[in-house]
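One file, final_32.cif, is given below (mmCIF, C-alpha atoms and all ligand atoms).
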data_model
loop_
_atom_site.label_atom_id
_atom_site.label_comp_id
_atom_site.auth_asym_id
_atom_site.auth_seq_id
_atom_site.Cartn_x
_atom_site.Cartn_y
_atom_site.Cartn_z
CA MET A 1 31.34 -59.29 -20.60
CA TYR A 2 31.32 -57.85 -17.13
CA PHE A 3 29.11 -60.38 -15.34
CA ASP A 4 31.69 -63.16 -15.02
CA LYS A 5 33.60 -61.38 -12.31
CA LEU A 6 30.59 -60.11 -10.36
CA ASN A 7 29.37 -61.91 -7.24
CA THR A 8 26.44 -59.94 -5.90
CA ILE A 9 24.04 -58.46 -8.42
CA VAL A 10 20.92 -56.37 -7.77
CA ILE A 11 18.38 -56.38 -10.61
CA LYS A 12 15.61 -53.80 -10.75
CA ILE A 13 12.58 -54.49 -12.90
CA GLY A 14 9.96 -51.87 -13.62
CA SER A 15 6.17 -52.34 -13.65
CA SER A 16 5.99 -52.00 -17.45
CA LEU A 17 8.06 -55.17 -17.81
CA ILE A 18 5.60 -57.21 -15.75
CA ILE A 19 2.34 -55.86 -17.09
CA ASP A 20 1.61 -54.16 -20.43
CA GLU A 21 -0.60 -51.10 -21.16
CA LYS A 22 -3.57 -53.39 -21.72
CA LYS A 23 -3.06 -54.74 -18.19
CA LYS A 24 -1.93 -58.11 -19.51
CA ILE A 25 0.80 -59.96 -17.64
CA ARG A 26 3.89 -60.30 -19.84
CA SER A 27 4.19 -64.03 -19.12
CA LYS A 28 6.60 -64.89 -21.89
CA TRP A 29 8.95 -62.15 -20.80
CA LEU A 30 8.74 -63.19 -17.15
CA ASP A 31 9.58 -66.74 -18.10
CA SER A 32 12.66 -65.61 -20.04
CA PHE A 33 13.76 -63.31 -17.21
CA VAL A 34 13.52 -66.13 -14.67
CA LYS A 35 15.56 -68.34 -17.01
CA ASP A 36 18.28 -65.67 -17.10
CA ILE A 37 18.31 -65.50 -13.31
CA GLN A 38 18.64 -69.27 -13.19
CA GLY A 39 21.82 -68.90 -15.27
CA PHE A 40 23.20 -66.40 -12.75
CA LYS A 41 22.31 -68.66 -9.82
CA LYS A 42 23.99 -71.64 -11.47
CA ALA A 43 27.11 -69.51 -11.85
CA GLY A 44 27.03 -69.03 -8.05
CA LYS A 45 25.97 -65.38 -8.01
CA ARG A 46 24.05 -63.76 -5.17
CA ILE A 47 20.96 -62.14 -6.63
CA ILE A 48 18.57 -59.53 -5.23
CA ILE A 49 15.56 -58.49 -7.28
CA VAL A 50 13.99 -55.09 -6.71
CA SER A 51 10.58 -55.35 -8.31
CA SER A 52 7.97 -52.71 -8.98
CA GLY A 53 4.45 -53.65 -9.95
CA ALA A 54 2.47 -53.64 -6.69
CA ILE A 55 0.37 -50.65 -7.70
CA ALA A 56 0.03 -51.75 -11.32
CA LEU A 57 -1.11 -55.25 -10.33
CA GLY A 58 -3.43 -53.86 -7.65
CA CYS A 59 -5.02 -51.69 -10.34
CA LYS A 60 -5.40 -54.72 -12.57
CA LYS A 61 -7.13 -56.68 -9.81
CA LEU A 62 -9.52 -53.83 -8.96
CA ASN A 63 -9.90 -52.68 -12.55
CA LEU A 64 -8.71 -49.17 -11.72
CA ASP A 65 -6.74 -46.68 -13.78
CA LYS A 66 -3.29 -45.99 -12.25
CA LYS A 67 -3.24 -42.41 -13.55
CA ASN A 68 -6.35 -41.31 -11.63
CA LEU A 69 -5.27 -42.84 -8.32
CA LYS A 70 -4.97 -40.55 -5.27
CA ILE A 71 -2.08 -41.23 -2.85
CA ASP A 72 -4.12 -42.74 0.02
CA LYS A 73 -6.02 -44.99 -2.37
CA SER A 74 -2.80 -46.04 -4.08
CA GLN A 75 -1.49 -47.18 -0.68
CA ALA A 76 -4.45 -49.51 -0.30
CA VAL A 77 -4.07 -50.65 -3.90
CA ALA A 78 -0.36 -51.40 -3.30
CA SER A 79 -1.25 -53.59 -0.33
CA ILE A 80 -3.55 -55.62 -2.57
CA GLY A 81 -1.16 -55.65 -5.51
CA GLN A 82 1.94 -56.63 -3.54
CA ILE A 83 0.63 -60.15 -2.90
CA GLU A 84 -0.45 -60.42 -6.52
CA LEU A 85 3.13 -59.50 -7.47
CA MET A 86 4.70 -62.00 -5.11
CA ASN A 87 2.29 -64.75 -6.16
CA LEU A 88 3.17 -64.13 -9.78
CA LEU A 89 6.92 -64.16 -9.11
CA LYS A 90 6.69 -67.17 -6.79
CA LYS A 91 4.78 -69.17 -9.43
CA ASN A 92 7.41 -68.38 -12.06
CA PHE A 93 10.48 -68.96 -9.88
CA SER A 94 9.05 -72.20 -8.43
CA LYS A 95 8.69 -73.59 -11.95
CA LYS A 96 12.47 -73.32 -12.25
CA LYS A 97 13.01 -74.64 -8.71
CA MET A 98 14.16 -71.36 -7.24
CA ASP A 99 13.00 -69.90 -3.93
CA ILE A 100 12.18 -66.26 -3.38
CA SER A 101 11.44 -64.18 -0.28
CA GLN A 102 9.91 -60.75 0.22
CA ILE A 103 11.41 -57.64 1.85
CA LEU A 104 9.38 -54.41 1.99
CA ILE A 105 11.47 -51.34 2.71
CA THR A 106 10.66 -47.81 3.84
CA LEU A 107 13.12 -44.92 3.47
CA GLU A 108 14.14 -45.07 7.14
CA ASP A 109 15.16 -48.71 6.84
CA THR A 110 18.10 -47.65 4.71
CA GLU A 111 18.76 -44.14 6.03
CA VAL A 112 19.06 -45.09 9.71
CA ARG A 113 22.36 -46.90 10.03
CA ARG A 114 21.22 -49.47 12.61
CA ARG A 115 18.29 -50.46 10.40
CA ALA A 116 20.48 -50.59 7.28
CA ILE A 117 22.84 -53.01 9.05
CA ASN A 118 19.87 -55.10 10.07
CA ALA A 119 18.63 -55.22 6.46
CA ARG A 120 22.12 -56.26 5.35
CA ARG A 121 22.13 -59.11 7.87
CA THR A 122 18.75 -60.35 6.65
CA LEU A 123 19.96 -60.33 3.05
CA ASP A 124 23.10 -62.26 4.00
CA ASN A 125 21.06 -64.87 5.84
CA LEU A 126 18.78 -65.30 2.85
CA PHE A 127 21.80 -65.76 0.55
CA ASP A 128 23.16 -68.40 2.93
CA ILE A 129 20.04 -70.52 2.53
CA GLY A 130 19.90 -69.95 -1.23
CA PHE A 131 16.80 -67.72 -1.41
CA ILE A 132 16.45 -64.79 -3.79
CA PRO A 133 15.22 -61.72 -1.89
CA VAL A 134 12.61 -59.67 -3.75
CA VAL A 135 12.54 -56.08 -2.50
CA ASN A 136 9.96 -53.36 -3.02
CA GLU A 137 9.17 -50.13 -1.24
CA ASN A 138 6.51 -50.54 1.45
CA ASP A 139 4.09 -48.38 -0.53
CA SER A 140 1.16 -49.06 1.81
CA ILE A 141 2.93 -47.44 4.74
CA ALA A 142 5.37 -44.90 3.28
CA THR A 143 3.97 -41.37 3.00
CA SER A 144 5.12 -38.83 0.44
CA GLU A 145 7.69 -36.93 2.56
CA ILE A 146 9.41 -40.08 3.71
CA LYS A 147 9.25 -42.08 0.55
CA TYR A 148 11.71 -43.17 -2.11
CA GLY A 149 8.89 -42.92 -4.64
CA ASP A 150 10.92 -44.68 -7.30
CA ASN A 151 12.57 -48.06 -7.27
CA ASP A 152 15.69 -46.85 -9.12
CA ARG A 153 17.13 -45.04 -6.10
CA LEU A 154 15.79 -47.69 -3.74
CA ALA A 155 17.64 -50.34 -5.77
CA SER A 156 20.87 -48.32 -5.66
CA ARG A 157 20.66 -48.02 -1.88
CA VAL A 158 19.98 -51.77 -1.63
CA ALA A 159 23.06 -52.32 -3.83
CA GLN A 160 25.17 -50.17 -1.51
CA ILE A 161 23.87 -51.83 1.67
CA SER A 162 24.37 -55.34 0.32
CA ASN A 163 27.85 -54.40 -0.93
CA ALA A 164 26.79 -55.49 -4.43
CA ASP A 165 29.19 -55.42 -7.37
CA CYS A 166 26.58 -54.37 -9.87
CA LEU A 167 23.08 -52.94 -10.22
CA ILE A 168 21.15 -53.75 -13.39
CA LEU A 169 18.30 -51.35 -14.14
CA LEU A 170 15.97 -52.98 -16.60
CA SER A 171 14.05 -50.12 -18.05
CA ASP A 172 11.87 -49.34 -21.06
CA VAL A 173 14.80 -47.58 -22.71
CA GLY A 174 18.06 -49.04 -24.01
CA GLY A 175 20.37 -46.74 -22.02
CA LEU A 176 21.44 -43.11 -21.76
CA TYR A 177 21.43 -41.22 -25.07
CA ASN A 178 23.03 -37.85 -25.81
CA LYS A 179 19.54 -36.60 -26.71
CA ASN A 180 16.07 -37.99 -26.51
CA PRO A 181 16.00 -41.02 -28.87
CA LYS A 182 12.22 -40.83 -29.17
CA VAL A 183 12.42 -37.35 -30.66
CA HIS A 184 15.83 -37.28 -32.37
CA LYS A 185 16.63 -40.02 -34.89
CA ASP A 186 20.36 -39.23 -34.71
CA ALA A 187 20.51 -39.65 -30.91
CA LYS A 188 23.60 -41.59 -29.93
CA LEU A 189 23.78 -44.17 -27.16
CA ILE A 190 26.43 -43.40 -24.56
CA LYS A 191 27.97 -46.79 -23.86
CA GLU A 192 30.13 -45.95 -20.89
CA VAL A 193 30.06 -43.26 -18.24
CA LYS A 194 33.07 -43.08 -15.95
CA LYS A 195 32.26 -39.88 -14.13
CA ILE A 196 28.81 -38.59 -13.27
CA ASP A 197 29.22 -34.85 -13.65
CA GLU A 198 26.88 -31.95 -14.28
CA ASN A 199 26.84 -32.74 -17.99
CA VAL A 200 25.45 -36.24 -17.44
CA PHE A 201 22.69 -34.79 -15.27
CA LYS A 202 21.95 -32.19 -17.98
CA ILE A 203 21.52 -34.87 -20.64
CA ALA A 204 19.28 -36.88 -18.30
CA ASN A 205 17.22 -33.83 -17.48
CA LYS A 206 16.51 -33.19 -21.13
CA THR A 207 15.31 -36.72 -21.71
CA THR A 208 13.19 -37.05 -18.57
CA GLY A 209 9.48 -37.33 -19.03
CA GLU A 210 9.69 -39.46 -22.13
CA TYR A 211 10.54 -42.60 -20.22
CA GLY A 212 8.73 -44.90 -17.79
CA SER A 213 8.08 -44.51 -14.08
CA GLY A 214 11.34 -43.23 -12.56
CA GLY A 215 12.59 -41.30 -15.60
CA MET A 216 16.23 -40.95 -16.64
CA LEU A 217 17.07 -38.49 -13.88
CA THR A 218 16.35 -40.95 -11.06
CA LYS A 219 18.46 -43.51 -12.93
CA ILE A 220 21.42 -41.14 -12.97
CA GLU A 221 20.87 -40.41 -9.29
CA ALA A 222 20.93 -44.17 -8.73
CA ALA A 223 24.19 -44.40 -10.70
CA LYS A 224 25.67 -41.69 -8.49
CA ILE A 225 24.73 -43.57 -5.30
CA CYS A 226 26.17 -46.79 -6.75
CA GLY A 227 29.31 -44.96 -7.86
CA LEU A 228 29.99 -43.61 -4.38
CA ALA A 229 29.74 -47.16 -3.11
CA GLY A 230 32.09 -48.44 -5.84
CA CYS A 231 29.29 -50.47 -7.47
CA LYS A 232 28.88 -50.69 -11.27
CA MET A 233 25.50 -49.95 -12.78
CA VAL A 234 23.99 -50.70 -16.16
CA ILE A 235 20.81 -49.38 -17.79
CA SER A 236 19.42 -51.69 -20.41
CA SER A 237 16.15 -52.35 -22.16
CA GLY A 238 14.11 -54.83 -20.20
CA LEU A 239 11.35 -55.06 -22.77
CA ILE A 240 13.04 -57.73 -24.86
CA LEU A 241 13.08 -61.43 -24.02
CA ASN A 242 16.05 -62.72 -22.00
CA PRO A 243 16.93 -59.19 -20.94
CA LEU A 244 20.01 -60.17 -18.94
CA LYS A 245 21.52 -62.27 -21.70
CA HIS A 246 20.86 -59.34 -24.00
CA ILE A 247 23.15 -57.09 -21.94
CA ASN A 248 26.03 -59.44 -22.53
CA LEU A 249 25.30 -60.18 -26.18
CA SER A 250 24.06 -57.03 -27.87
CA LYS A 251 25.87 -54.45 -25.75
CA VAL A 252 23.07 -51.95 -26.37
CA CYS A 253 23.15 -50.50 -22.90
CA THR A 254 24.91 -47.85 -20.80
CA TRP A 255 27.46 -48.89 -18.20
CA PHE A 256 28.38 -46.64 -15.32
CA LEU A 257 31.85 -47.63 -14.22
CA PRO A 258 33.01 -45.89 -11.07
CA GLU A 259 36.51 -45.93 -9.71
CA ILE A 260 37.14 -48.53 -7.02
CA SER A 261 35.97 -47.06 -3.72
CA LYS A 262 38.42 -47.18 -0.86
CA LEU A 263 35.75 -46.25 1.69
CA ASP A 264 34.73 -48.72 4.38
CA ALA A 265 31.10 -49.91 4.55
CA ARG A 266 30.00 -47.26 7.03
CA LYS A 267 31.49 -44.42 5.01
CA LYS A 268 29.95 -45.80 1.83
CA TRP A 269 26.62 -45.67 3.61
CA ILE A 270 27.22 -42.04 4.60
CA ALA A 271 28.31 -41.08 1.07
CA SER A 272 25.28 -42.57 -0.63
CA SER A 273 22.45 -41.23 1.49
CA VAL A 274 19.40 -40.51 -0.61
CA SER A 275 17.94 -37.95 1.74
CA PRO A 276 20.41 -35.52 3.37
CA LYS A 277 18.39 -33.37 5.76
CA GLY A 278 20.38 -30.17 5.46
CA GLU A 279 23.52 -28.33 4.41
CA LEU A 280 26.47 -26.73 6.16
CA MET A 281 28.32 -24.03 4.23
CA ILE A 282 31.95 -23.84 5.33
CA ASP A 283 34.73 -21.28 4.82
CA ASN A 284 38.07 -21.79 3.08
CA GLY A 285 39.96 -22.28 6.33
CA ALA A 286 37.68 -25.18 7.24
CA ILE A 287 38.10 -26.70 3.75
CA ILE A 288 41.89 -26.74 4.23
CA ALA A 289 41.50 -28.32 7.68
CA LEU A 290 39.09 -31.00 6.42
CA LYS A 291 41.44 -31.85 3.57
CA LYS A 292 44.12 -32.48 6.18
CA GLY A 293 41.83 -35.02 7.82
CA LYS A 294 40.48 -32.82 10.63
CA SER A 295 36.92 -32.73 11.98
CA LEU A 296 34.58 -29.83 11.17
CA LEU A 297 34.38 -27.29 13.98
CA ALA A 298 31.71 -24.65 14.54
CA ALA A 299 34.17 -21.82 13.80
CA GLY A 300 34.38 -22.81 10.12
CA ILE A 301 30.62 -22.88 9.52
CA LYS A 302 29.26 -19.86 7.64
CA ASN A 303 25.71 -20.89 7.03
CA ILE A 304 23.19 -23.61 7.61
CA LYS A 305 20.17 -24.89 5.65
CA GLY A 306 17.41 -27.28 6.65
CA ASN A 307 15.99 -28.68 9.85
CA PHE A 308 17.80 -31.69 11.19
CA ASP A 309 18.55 -33.60 14.34
CA LYS A 310 21.77 -34.83 15.85
CA GLY A 311 22.93 -37.85 13.84
CA ASP A 312 21.20 -36.83 10.60
CA HIS A 313 22.85 -36.84 7.18
CA ILE A 314 23.99 -33.45 5.93
CA LYS A 315 25.81 -32.08 2.89
CA ILE A 316 28.94 -29.98 3.32
CA VAL A 317 29.15 -27.21 0.72
CA ASP A 318 31.61 -24.41 -0.08
CA GLU A 319 30.72 -20.73 -0.29
CA LYS A 320 29.59 -21.20 -3.92
CA ASN A 321 27.21 -23.93 -2.82
CA PHE A 322 29.29 -26.66 -4.45
CA GLU A 323 28.95 -29.99 -2.64
CA LEU A 324 32.31 -30.99 -1.12
CA GLY A 325 31.29 -33.92 1.00
CA ARG A 326 28.76 -35.44 3.35
CA GLY A 327 28.61 -36.34 6.98
CA LEU A 328 26.56 -37.07 10.06
CA SER A 329 25.95 -34.01 12.18
CA SER A 330 26.80 -34.20 15.89
CA PHE A 331 24.42 -31.31 16.59
CA SER A 332 20.87 -30.39 15.59
CA SER A 333 20.33 -27.54 13.11
CA GLU A 334 18.92 -25.45 15.96
CA GLU A 335 22.13 -25.88 17.97
CA ILE A 336 24.37 -25.17 14.97
CA SER A 337 22.54 -21.94 14.20
CA LYS A 338 23.55 -20.77 17.70
CA ILE A 339 27.20 -21.88 17.59
CA LYS A 340 28.19 -21.33 13.92
CA GLY A 341 31.27 -19.17 13.53
CA GLN A 342 32.13 -19.53 17.23
CA HIS A 343 35.25 -20.99 18.79
CA SER A 344 34.95 -24.40 20.39
CA ASP A 345 35.62 -23.14 23.92
CA LYS A 346 32.48 -20.98 23.76
CA ILE A 347 30.09 -23.79 22.77
CA ASN A 348 29.27 -25.01 26.29
CA LYS A 349 28.44 -21.51 27.44
CA ILE A 350 26.27 -20.67 24.42
CA LEU A 351 24.29 -23.88 24.58
CA GLY A 352 24.18 -24.02 28.37
CA TYR A 353 25.33 -27.62 28.60
CA LYS A 354 28.53 -29.62 28.21
CA THR A 355 29.00 -31.16 24.79
CA LYS A 356 31.67 -32.14 22.28
CA SER A 357 33.17 -29.53 20.00
CA GLU A 358 33.21 -31.22 16.57
CA VAL A 359 30.10 -30.47 14.55
CA VAL A 360 30.95 -33.27 12.10
CA HIS A 361 33.55 -35.72 13.35
CA LYS A 362 36.18 -36.83 10.80
CA ASP A 363 35.03 -40.46 11.19
CA ASP A 364 31.52 -39.40 10.23
CA MET A 365 32.60 -37.49 7.13
CA VAL A 366 33.31 -38.40 3.48
CA GLY A 367 34.43 -36.46 0.43
CA PHE A 368 37.72 -35.06 1.68
CA SER A 369 41.00 -36.78 1.01
CA LYS A 370 42.66 -38.77 3.83
N1 LIG A 401 6.92 -49.39 -5.61
C1 LIG A 401 6.07 -49.11 -6.74
C2 LIG A 401 5.21 -50.33 -7.08
O1 LIG A 401 5.52 -51.42 -6.72
C3 LIG A 401 6.87 -48.74 -7.99
C4 LIG A 401 7.84 -47.60 -7.92
C5 LIG A 401 8.61 -47.45 -9.25
O2 LIG A 401 8.13 -47.94 -10.28
O3 LIG A 401 9.69 -46.91 -9.29
O4 LIG A 401 4.23 -50.17 -7.76
#

Before we go any further, please render this structure as structure tokens.
Ligand code: GLU
Amino acid sequence: MYFDKLNTIVIKIGSSLIIDEKKKIRSKWLDSFVKDIQGFKKAGKRIIIVSSGAIALGCKKLNLDKKNLKIDKSQAVASIGQIELMNLLKKNFSKKKMDISQILITLEDTEVRRRAINARRTLDNLFDIGFIPVVNENDSIATSEIKYGDNDRLASRVAQISNADCLILLSDVGGLYNKNPKVHKDAKLIKEVKKIDENVFKIANKTTGEYGSGGMLTKIEAAKICGLAGCKMVISSGLILNPLKHINLSKVCTWFLPEISKLDARKKWIASSVSPKGELMIDNGAIIALKKGKSLLAAGIKNIKGNFDKGDHIKIVDEKNFELGRGLSSFSSEEISKIKGQHSDKINKILGYKTKSEVVHKDDMVGFSK
């Protein structure tokens, strides 16, 4: 029902949809999925596919068990499996006369603004020439500290960067239930979520572990990132044939429907960072000032957490640790620890060099009205 009005759609498919537990390619499913995409393309939609499966297909090729794989080995396996994955997708899309391309992303490609803009430009150029970009994390290069680790959050960041209208997470579960459907027979499907609050996270937390790769928690985190960017998201079972048609017909799925975001593209990018490097705790006076549209000054900062550099993403929290907003810091954490609580006219003297006085400039901040 919702797809008619949507122009740019990101579709994430998990490894378990491409290959089954017996390491057999799910060819029939793949064929039906590609057919669904063809329908979208004919309707003039811009499609991005975020596909997992590099490690699973690498394991298939080398006859290895995914569960026993150490991180460095899995990086090598991903490098082998990624071309298997692309070959498989290319073969299937070519049959239906559609062209695909490959984009491998590391965390920094989306978290550094300049690189995110570059990625956006590449996607736009691919749309212009009618190709369908297929995105995956660059598992062979990314190391654990600087890794998405799951394609749910990666897909949500891709949706935000490409200014997509909708992210479809095809998963091995039909949506978000009020309790774990695999344990409780009376579990009820939640069909629509308008606000992602603590309660939604609690439900997801309870059900995590029973689902495939990313788990329900990463899916809710993805919904939050999409929501901040004003992008709809739907979780639906990908295991059935024609999984996209199924979303429209059966309505067994969970839609996350955020309010329309009034933020510009840059602020959307700030709001939906997946890896804030630290936190600034601010006092009530600063909260009032920020709500009036002012920048955050050192005087209002009570405490600081994390190690970060100038320009890094940070969370802004109140004295109860409740997240109020996000921003880009104009100072490193080391500098802020020296100037916190101090008036702006003392900053130059404390630091020993001339610098600006806003710790987070209003143009680099989201979460406060105005
Ligand atoms: N990037 C991983 C792969 O291609 C999958 C990550 C995930 O399933 O979320 O194997």

Using only C-alpha atoms and all ligand atoms, the residue out of A:Asp31, A:Asp109, A:Asp172, A:Asp124 with shortest distance to ligand LIG 401 (chain A) is A:Asp172

Do you know which residues are within 7 Å of ligand LIG 401 (chain A) using only C-alpha atoms and all ligand atoms? Can you write them as a PDB file with C-alpha atoms, keeping the file's coordinate frame?
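Writing the result to out-v4.pdb gives the following:
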ATOM      1  CA  GLY A  14       9.960 -51.870 -13.620  1.00  0.00           C
ATOM      2  CA  SER A  15       6.170 -52.340 -13.650  1.00  0.00           C
ATOM      3  CA  SER A  51      10.580 -55.350  -8.310  1.00  0.00           C
ATOM      4  CA  SER A  52       7.970 -52.710  -8.980  1.00  0.00           C
ATOM      5  CA  GLY A  53       4.450 -53.650  -9.950  1.00  0.00           C
ATOM      6  CA  ALA A  54       2.470 -53.640  -6.690  1.00  0.00           C
ATOM      7  CA  ILE A  55       0.370 -50.650  -7.700  1.00  0.00           C
ATOM      8  CA  ALA A  56       0.030 -51.750 -11.320  1.00  0.00           C
ATOM      9  CA  ALA A  78      -0.360 -51.400  -3.300  1.00  0.00           C
ATOM     10  CA  ASN A 136       9.960 -53.360  -3.020  1.00  0.00           C
ATOM     11  CA  GLU A 137       9.170 -50.130  -1.240  1.00  0.00           C
ATOM     12  CA  ASP A 139       4.090 -48.380  -0.530  1.00  0.00           C
ATOM     13  CA  GLY A 149       8.890 -42.920  -4.640  1.00  0.00           C
ATOM     14  CA  ASP A 150      10.920 -44.680  -7.300  1.00  0.00           C
ATOM     15  CA  ASN A 151      12.570 -48.060  -7.270  1.00  0.00           C
ATOM     16  CA  ASP A 152      15.690 -46.850  -9.120  1.00  0.00           C
ATOM     17  CA  SER A 213       8.080 -44.510 -14.080  1.00  0.00           C
ATOM     18  CA  GLY A 214      11.340 -43.230 -12.560  1.00  0.00           C
TER      19      GLY A 214
END

Counting all atoms listed in the file, which residue out of A:Val50, A:Ala229, A:Lys42, A:Ala299 sits closest to Ile347 (chain A)?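 Looking at the shortest contact to Ile347 (chain A), the residue is A:Ala299.
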
Output, as lines of an AutoDock Vina configuration file, the centre and edge lengths in Å (one decimal) of the axis-aligned box that contains all listed atoms of region 334-350 of chain A with 4 Å of margin on each side.
center_x = 27.3
center_y = -22.5
center_z = 20.5
size_x = 24.7
size_y = 14.7
size_z = 21.9

Name the residues in contact with region 247-260 of chain A at a cut-off of 9 Å, using all atoms listed in the file, excluding same-chain residues fewer than 5 positions from it; report them as number ranges by chain. A: 1-3, 173-177, 189-196, 223-224, 226-237

Nearby residues (only C-alpha atoms) at most 12 Å from Ile25 (chain A), same-chain spacing under 6 positions excluded, as a PyMOL selection string: chain A and resi 15-19+31+53+56-57+60-61+84-85+88-89

Separating CA of Phe93 (chain A) from CA of Gly39 (chain A), to the nearest tenth of an Å, is a gap of 12.6 Å

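From CA of Cys166 (chain A) back to CA of Ile9 (chain A), the distance works out to 5.0 Å.
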
From the options A:Leu241, A:Ile288, A:Val359, A:Val366, which residue's atoms come nearest to Ala271 (chain A), counting only C-alpha atoms?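 Closest to Ala271 (chain A) of all the choices is A:Val366.
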
May I ask for the distance between CA of Lys73 (chain A) and CA of Asn138 (chain A), given in Å to one decimal place?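 It comes out at 14.2 Å.
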
Long-range neighbours of Lys338 (chain A) as a CSV table (one decimal) with C-alpha atoms, keeping the file's coordinate frame, 10 Å cut-off, all atoms listed in the file, 5 positions minimum in chain:
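In the end it all went to result_24.csv:
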chain,number,residue,atom,x,y,z
A,298,ALA,CA,31.7,-24.6,14.5
A,333,SER,CA,20.3,-27.5,13.1
A,347,ILE,CA,30.1,-23.8,22.8
A,350,ILE,CA,26.3,-20.7,24.4
A,351,LEU,CA,24.3,-23.9,24.6

Compare A:Val34, A:Leu239, A:Ile270, A:Leu104 by their minimum atom-to-atom distance to Ser140 (chain A), counting all atoms listed in the file, and give me the closest one.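 Counting all atoms listed in the file, the residue closest to Ser140 (chain A) is A:Leu104.
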
From A:Val134, A:Leu170, A:Leu280, A:Lys91, residue lying nearest Ser27 (chain A) [only C-alpha atoms]: A:Lys91

Residue nearest Asp128 (chain A) among A:Arg46, A:Lys185, A:Lys22, A:Lys219 (counting only C-alpha atoms):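 Comparing A:Arg46, A:Lys185, A:Lys22, A:Lys219 against Asp128 (chain A), the winner is A:Arg46.
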
Do you know which residues lie at most 8 Å from (39.6, -31.1, 2.1), with coordinates as in the file and all atoms listed in the file counted, and could you write them as an mmCIF file with C-alpha atoms, keeping the file's coordinate frame?
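Saved the output as point_25.cif:
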data_model
loop_
_atom_site.group_PDB
_atom_site.id
_atom_site.type_symbol
_atom_site.label_atom_id
_atom_site.label_comp_id
_atom_site.auth_asym_id
_atom_site.auth_seq_id
_atom_site.Cartn_x
_atom_site.Cartn_y
_atom_site.Cartn_z
ATOM 1 C CA ILE A 287 38.100 -26.700 3.750
ATOM 2 C CA ILE A 288 41.890 -26.740 4.230
ATOM 3 C CA ALA A 289 41.500 -28.320 7.680
ATOM 4 C CA LEU A 290 39.090 -31.000 6.420
ATOM 5 C CA LYS A 291 41.440 -31.850 3.570
ATOM 6 C CA LYS A 292 44.120 -32.480 6.180
ATOM 7 C CA GLY A 293 41.830 -35.020 7.820
ATOM 8 C CA LEU A 324 32.310 -30.990 -1.120
ATOM 9 C CA GLY A 367 34.430 -36.460 0.430
ATOM 10 C CA PHE A 368 37.720 -35.060 1.680
ATOM 11 C CA SER A 369 41.000 -36.780 1.010
#

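Residues in contact range of Leu126 (chain A), defined as at most 12 Å between only C-alpha atoms, with sequence neighbours fewer than 3 positions away removed, read Arg46, Ile47, Ile48, Asp99, Ile100, Ser101, Gln102, Ile103, Ala119, Arg120, Arg121, Thr122, Leu123, Ile129, Gly130, Phe131, Ile132, Pro133, Val134 and Ser162 of chain A.
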
Ile314 (chain A) environment, 12 Å, all atoms listed in the file, sequence neighbours closer than 3 positions dropped, as a PyMOL selection string: chain A and resi 111+270-281+304-311+317+323-333+359-360+364-366
